[in-house]
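First the structure, in the form of structure tokens, and then the observations on it.
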Number of protein chains: 4
Amino acid sequence: MDGLHDSTAGASGRGERRSTRDRILDVAVELFAEKGFVGAAMRDIAGGVGINAASLYNHFAGKEQIYEAVLERDLAPVIELLGQIASAPETDLSDYEAADRVVEHFAEHPHVPKLIYHDALAGGEQLSHLLERSVDAFVAPALRALEKGTDADGADVGEVEWSSEELPLLVVAFQNMILGYFALAPLVRTILGGTDPLAEESIERQKDFLRRVVRRLVPGRFPTNVVES
Amino acid sequence: MDGLHDSTAGASGRGERRSTRDRILDVAVELFAEKGFVGAAMRDIAGGVGINAASLYNHFAGKEQIYEAVLERDLAPVIELLGQIASAPETDLSDYEAADRVVEHFAEHPHVPKLIYHDALAGGEQLSHLLERSVDAFVAPALRALEKGTDADGADVGEVEWSSEELPLLVVAFQNMILGYFALAPLVRTILGGTDPLAEESIERQKDFLRRVVRRLVPGRFPTNVVES
Amino acid sequence: MDGLHDSTAGASGRGERRSTRDRILDVAVELFAEKGFVGAAMRDIAGGVGINAASLYNHFAGKEQIYEAVLERDLAPVIELLGQIASAPETDLSDYEAADRVVEHFAEHPHVPKLIYHDALAGGEQLSHLLERSVDAFVAPALRALEKGTDADGADVGEVEWSSEELPLLVVAFQNMILGYFALAPLVRTILGGTDPLAEESIERQKDFLRRVVRRLVPGRFPTNVVES
Amino acid sequence: MDGLHDSTAGASGRGERRSTRDRILDVAVELFAEKGFVGAAMRDIAGGVGINAASLYNHFAGKEQIYEAVLERDLAPVIELLGQIASAPETDLSDYEAADRVVEHFAEHPHVPKLIYHDALAGGEQLSHLLERSVDAFVAPALRALEKGTDADGADVGEVEWSSEELPLLVVAFQNMILGYFALAPLVRTILGGTDPLAEESIERQKDFLRRVVRRLVPGRFPTNVVES
DNA sequence: GATGAATGAGGATTCATTCAT
DNA sequence: AATGAATGAATCCTCATTCAT
């Protein structure tokens with residue numbers, strides 16, 4: 001149990017009776033993910049839930065509050081996950097396993113990357129306070145960890161050293177590789193030649209792919225006996 | 001002159017008198033990039049140009065048409081550039097130089113990646129026919145080229161082999177690394193610790209960074225005598 | 001005890017436990033007085049009482065009924081008071097004492113004049129049936145009484161005679177002087193230079209003032225030996 | 001020409017072609033006067049003008065701005081009139097003539113008193129800055145003038161002296177007598193026994209009445225040879 | 001080419017009211 | 001007697017578009 005997936009499962013799981021509040025958030029993530037904050041209409045959220053638009057106001061003070069609740073419910077767990085990864089001792093959680101877990105999480109919550117992208121495109125105002133949490137929780141620790149790896153032994157064959165100025169770019173690159181795969185699903189599908197990027201096999205392939213990328217780009221943090229799959 | 005930068009210069013250059021039509025498109029890219037198609041208001045486009053909203057209809061049939069004109073003007077050159085790159089003989093244009101040129105183009109047209117992302121997030125409906133051009137022009141040739149490289153000699157030290165199923169993911173990864181850097185500027189700035197991602201030095205760093213990434217991830221397409229900068 | 005002030009004291013007096021119904025009316029007068037019938041929101045009335053808006057309907061059939069109950073509870077006593085005054089034998093109740101009593105009543109129920117004004121401004125539909133009672137109870141008798149006074153001896157120095165056509169205007173004038181002082185408190189405060197019109201001293205001054213006005217405008221109904229305070 | 005009545009007469013007069021802007025204000029005064037700011041619906045204003053509600057926003061930025069324009073157009077002249085009266089040399093403009101002029105103005109603009117009352121009832125927030133102008137322009141000078149009158153010769157038969165603390169109450173009283181007559185028209189009509197308070201005769205009667213009241217209440221400011229009409 | 005004015009559609013929000021619990 | 005949830009109607013306002021000038 002990692003404390004991530006239960007967040008959406010007030011009444012445990014799928015088709016069962018969920019609170020109206022949760023059903024509102026379920027519909028809202030989808031709409032916010034697809035259309036962004038402005039584009040998502042209260043009427044459509046209500047419609048998706050099967051209630052009158054006015055009823056939304058019995059559960060949330062306004063659109064903004066729904067949005068915040070969505071972020072809190074669906075984004076906070078991601079940040080928490082990143083925090084766990086960043087704070088984990090290296091031996092316990094090697095980087096590519098980290099990427100695995102993040103990808104798996106997004107595979108189950110494919111709206112989240114879109115949410116992040118919409119907000120970042122709009123200027124990141126709304127997201128910023130949550131993302132700063134993310135930076136505190138993940139980016140800084142990750143940079144420290146990466147630095148350590150680089151310091152240690154840059155001599156290993158096939159491993160890269162990154163200057164302290166490049167390391168943030170490495171973080172950015174992974175962020176974009178991981179989030180972009182989900183956020184830009186339509187584009188990705190086109191490039192994949194029509195294959196659904198969210199299909200289970202596709203996800204597995206992406207995980208394998210990232211594992212290999214990590215091994216090529218991130219300096220020596222892996223047990224040397226790992227064999228490529 | 002590569003036929004890319006003059007795209008915005010209907011009347012050649014900067015401060016000179018540009019056609020109203022072009023000024024409309026100038027303002028429109030910015031707004032579409034920031035707020036997306038739905039979020040950008042005709043009134044604001046007109047306001048940015050300094051004319052009345054009704055006057056827009058003397059130049060374009062409607063919002064949709066402005067959007068299409070923006071894509072045609074600012075996105076087509078990118079696709080053309082990608083086509084040039086993809087079709088270039090290897091010796092003439094090694095991959096990391098390709099990344100360089102793309103990054104440079106976006107550094108001068110920072111709205112374009114945002115435009116692409118907005119559209120991809122919204123479902124890619126509007127963009128699709130242009131992006132399909134992009135796929136035809138770039139992705140397919142690129143895949144063929146990459147495949148060649150991989151086939152040739154996977155034995156080189158530090159170089160990766162990618163299965164034909166992984167190659168599209170590699171394309172996706174580069175797409176995300178390159179576009180994401182520009183499209184998610186606010187997020188990137190946060191990770192960079194406040195540094196402006198569009199500042200000239202930042203761009204240079206990103207180019208260097210990508211060059212090294214290319215060298216690590218893309219199989220043997222480089223003159224072996226290249227020395228890292 | 002004149003049977004006026006106990007109207008608000010369903011359970012006798014001030015800080016004690018009052019029935020929910022009465023507490024609703026307490027809050028309602030204030031809101032109706034400040035915002036008028038349309039402007040006062042059921043939710044706010046409920047909020048003021050500390051209950052849910054739906055609970056109001058356990059005590060009243062609707063907003064209209066709350067309004068009517070408010071008028072009945074807080075306006076009826078005024079009408080009754082006016083009736084007493086109008087029907088009182090002259091010797092028992094001289095005019096300026098009458099004004100005194102009315103002012104005192106409003107000083108304790110400062111919402112009532114506002115209520116009357118709101119309603120009169122809105123067209124007096126709601127109020128009309130209550131006000132017709134008021135006319136029957138007060139205006140007609142008062143006019144008769146004034147007429148008598150005028151008939152009697154218009155010759156007195158400093159006293160005015162009013163034609164039967166002017167007498168209603170005199171009633172209107174007093175109505176406006178008395179009610180307006182309370183209803184337009186904010187305006188009055190401005191004119192008073194910031195002094196609170198509801199402060200005890202202000203009330204006393206207004207009473208004195210009205211007494212003198214009565215003496216100047218209303219024909220000989222006073223014991224001639226009255227000395228100005 | 002006193003600069004007052006032409007304010008509403010952009011295109012001179014009654015049924016002629018007036019600008020949409022003015023027609024909006026015409027309807028708006030009526031609705032604001034009857035229902036207050038909150039109660040007046042944009043849709044109704046538009047309906048009264050015969051245009052779509054959205055069209056209002058081509059002429060005013062919002063409801064608030066329509067309200068302000070109404071005040072500016074219909075209230076400012078009143079304040080100006082009061083200023084003229086207050087600043088006029090006594091010989092030129094005796095008090096009861098002043099009351100005459102004010103009454104005449106309101107007889108032609110019967111909505112204004114209602115506007116003032118609505119605003120004063122609501123707390124005077126919106127009106128305040130205009131009313132403070134009124135206080136500066138009229139109340140203060142009036143008080144000074146009244147004080148002079150009182151100082152001069154309180155000895156005249158039938159004239160009253162007012163202490164400086166009572167004078168503001170006198171101003172308040174006249175304000176209420178004059179405004180109240182128009183603002184509370186429905187109530188007044190009831191008291192008048194059904195006569196329309198705005199009928200020409202009624203207005204004349206009210207002017208006569210006020211003249212006599214002024215003579216009784218306001219200390220020696222009149223040419224002694226004035227004969228009651 | 002440009003504009004002021006008009007408009008129907010829609011968007012968020014408020015409100016009085018109802019009803020099952 | 002109280003409440004949370006639901007709702008239709010109405011609120012102010014925005015938007016893309018049209019049209020006469």
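Ordering of the structure tokens sets the chain letters (A, B, ...), residue numbers begin anew at 1 in every chain, and ligands are numbered from 1 in the order given.
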Using only C-alpha atoms (C1' of nucleotides) and a cut-off of 10 Å, which residues of chain F sit close to chain B? Please list them as a PyMOL selection string. chain F and resi 14-18
Exercise: DG4 (chain E) partners within 10 Å, only C-alpha atoms (C1' of nucleotides), chain neighbours under 5 positions left out, as a list in words: Asn52 and Ala54 of chain B; Asn58 and His59 of chain D; DA20 and DT21 of chain F
Kindly determine which residues of chain E lie within 9 Å of chain A, considering only C-alpha atoms (C1' of nucleotides), and give the answer as a PyMOL selection string. chain E and resi 11-14
Selection file, N, CA and C atoms (P, O5', C5', C4', C3', O3' and C1' of nucleotides), as a short mmCIF file (atom, residue, chain, number, x, y, z; two decimals), in the first residue's frame:
data_model
loop_
_atom_site.label_atom_id
_atom_site.label_comp_id
_atom_site.auth_asym_id
_atom_site.auth_seq_id
_atom_site.Cartn_x
_atom_site.Cartn_y
_atom_site.Cartn_z
P DG E 11 -21.61 26.97 -22.02
"O5'" DG E 11 -20.81 27.90 -21.02
"C5'" DG E 11 -20.07 29.04 -21.42
"C4'" DG E 11 -19.70 29.72 -20.13
"C3'" DG E 11 -19.98 28.81 -18.95
"O3'" DG E 11 -19.00 28.85 -17.94
"C1'" DG E 11 -21.26 30.76 -18.77
P DA E 12 -19.14 27.81 -16.77
"O5'" DA E 12 -19.32 28.83 -15.57
"C5'" DA E 12 -18.27 29.74 -15.30
"C4'" DA E 12 -18.72 30.71 -14.23
"C3'" DA E 12 -18.98 30.05 -12.87
"O3'" DA E 12 -18.47 30.91 -11.87
"C1'" DA E 12 -20.93 31.12 -13.63
P DT E 13 -18.42 30.42 -10.39
"O5'" DT E 13 -19.79 31.01 -9.81
"C5'" DT E 13 -20.01 32.39 -9.90
"C4'" DT E 13 -21.43 32.72 -9.52
"C3'" DT E 13 -21.90 32.08 -8.20
"O3'" DT E 13 -22.08 33.12 -7.27
"C1'" DT E 13 -23.58 32.02 -9.89
P DT E 14 -22.60 32.78 -5.82
"O5'" DT E 14 -24.15 33.12 -5.97
"C5'" DT E 14 -24.51 34.37 -6.52
"C4'" DT E 14 -26.00 34.58 -6.34
"C3'" DT E 14 -26.55 34.16 -4.96
"O3'" DT E 14 -27.47 35.17 -4.58
"C1'" DT E 14 -27.71 33.01 -6.67
#
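CA of Ala120 (chain B) lies 28.2 Å from CA of Leu167 (chain A).
Neighbours of Pro141 (chain A) closer than or equal to 8 Å, with only C-alpha atoms (C1' of nucleotides) counted and sequence neighbours fewer than 4 positions away skipped, come out as Ala86, Ser87, Asp136, Ala137 and Ala145 of chain A.
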Using the selection just defined, write its residues with C-alpha atoms as a CSV table (one decimal), in the first residue's frame.
chain,number,residue,atom,x,y,z
A,86,ALA,CA,13.3,11.4,-3.5
A,87,SER,CA,13.7,10.6,0.1
A,136,ASP,CA,10.6,21.1,-2.5
A,137,ALA,CA,9.6,17.5,-2.2
A,145,ALA,CA,21.0,12.6,-5.3
Work out how far apart CA of Thr195 (chain C) and CA of Ser164 (chain D) are and give it in Å to one decimal. 13.8 Å
Taking into account only C-alpha atoms, which residue in the set A:Gly39, A:Glu64, A:Ser202, A:Val49 is nearest to chain B?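 Ranked by minimum distance to chain B, first place goes to A:Gly39.
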Only residues of chain D matter here; which ones have an atom within 6 Å of chain C, counting only C-alpha atoms? Give them as a PDB file with C-alpha atoms, in the first residue's frame.
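And here's part-v3.pdb as it stands now:
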ATOM      1  CA  GLU D  34     -38.902  51.566  -8.208  1.00  0.00           C
ATOM      2  CA  LYS D  35     -36.847  48.515  -7.360  1.00  0.00           C
ATOM      3  CA  ALA D 120     -29.964  55.839   1.817  1.00  0.00           C
ATOM      4  CA  LEU D 121     -31.907  52.781   2.947  1.00  0.00           C
ATOM      5  CA  ALA D 122     -29.299  50.444   1.561  1.00  0.00           C
ATOM      6  CA  GLY D 158     -44.046  84.023  15.292  1.00  0.00           C
ATOM      7  CA  PRO D 168     -29.220  70.383  11.372  1.00  0.00           C
ATOM      8  CA  ALA D 173     -36.822  67.924   8.539  1.00  0.00           C
ATOM      9  CA  ASN D 176     -37.649  64.680   4.651  1.00  0.00           C
ATOM     10  CA  MET D 177     -40.691  66.810   3.967  1.00  0.00           C
ATOM     11  CA  GLY D 180     -40.592  62.172   1.267  1.00  0.00           C
ATOM     12  CA  LEU D 184     -43.266  57.827  -0.756  1.00  0.00           C
ATOM     13  CA  LEU D 192     -54.418  62.251   0.424  1.00  0.00           C
TER      14      LEU D 192
END
Using backbone DSSP assignments, extract all alpha helix (DSSP H) residues from region 28-215 of chain A; output them as a ChimeraX atom specification. /A:28-39,42-49,63-70,76-87,95-108,111-121,125-134,140-152,167-183,185-191,200-215
To one decimal place, how far is CA of Leu143 (chain B) from CA of Ala76 (chain B) in Å? 20.6 Å
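When the distance limit is 8 Å and only C-alpha atoms (C1' of nucleotides) are what count, the residues near Ala99 (chain B), minus those fewer than 2 positions from it on the same chain, are Asp95, Tyr96, Glu97, Arg101, Val102, Val103, Ile178, Lys207, Leu210 and Arg211 of chain B.
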Could you take the residues named above and write them with C-alpha atoms, as a PDB file, in the first residue's frame?
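Listing of part.pdb after writing:
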ATOM      1  CA  ASP B  95      21.316  14.501 -35.431  1.00  0.00           C
ATOM      2  CA  TYR B  96      22.507  16.791 -32.778  1.00  0.00           C
ATOM      3  CA  GLU B  97      22.894  19.555 -35.255  1.00  0.00           C
ATOM      4  CA  ARG B 101      18.382  23.939 -35.377  1.00  0.00           C
ATOM      5  CA  VAL B 102      14.996  22.995 -34.000  1.00  0.00           C
ATOM      6  CA  VAL B 103      15.793  24.489 -30.634  1.00  0.00           C
ATOM      7  CA  ILE B 178      12.436  19.754 -27.078  1.00  0.00           C
ATOM      8  CA  LYS B 207      21.336  22.935 -26.814  1.00  0.00           C
ATOM      9  CA  LEU B 210      20.393  17.953 -25.893  1.00  0.00           C
ATOM     10  CA  ARG B 211      23.521  17.342 -27.918  1.00  0.00           C
TER      11      ARG B 211
END
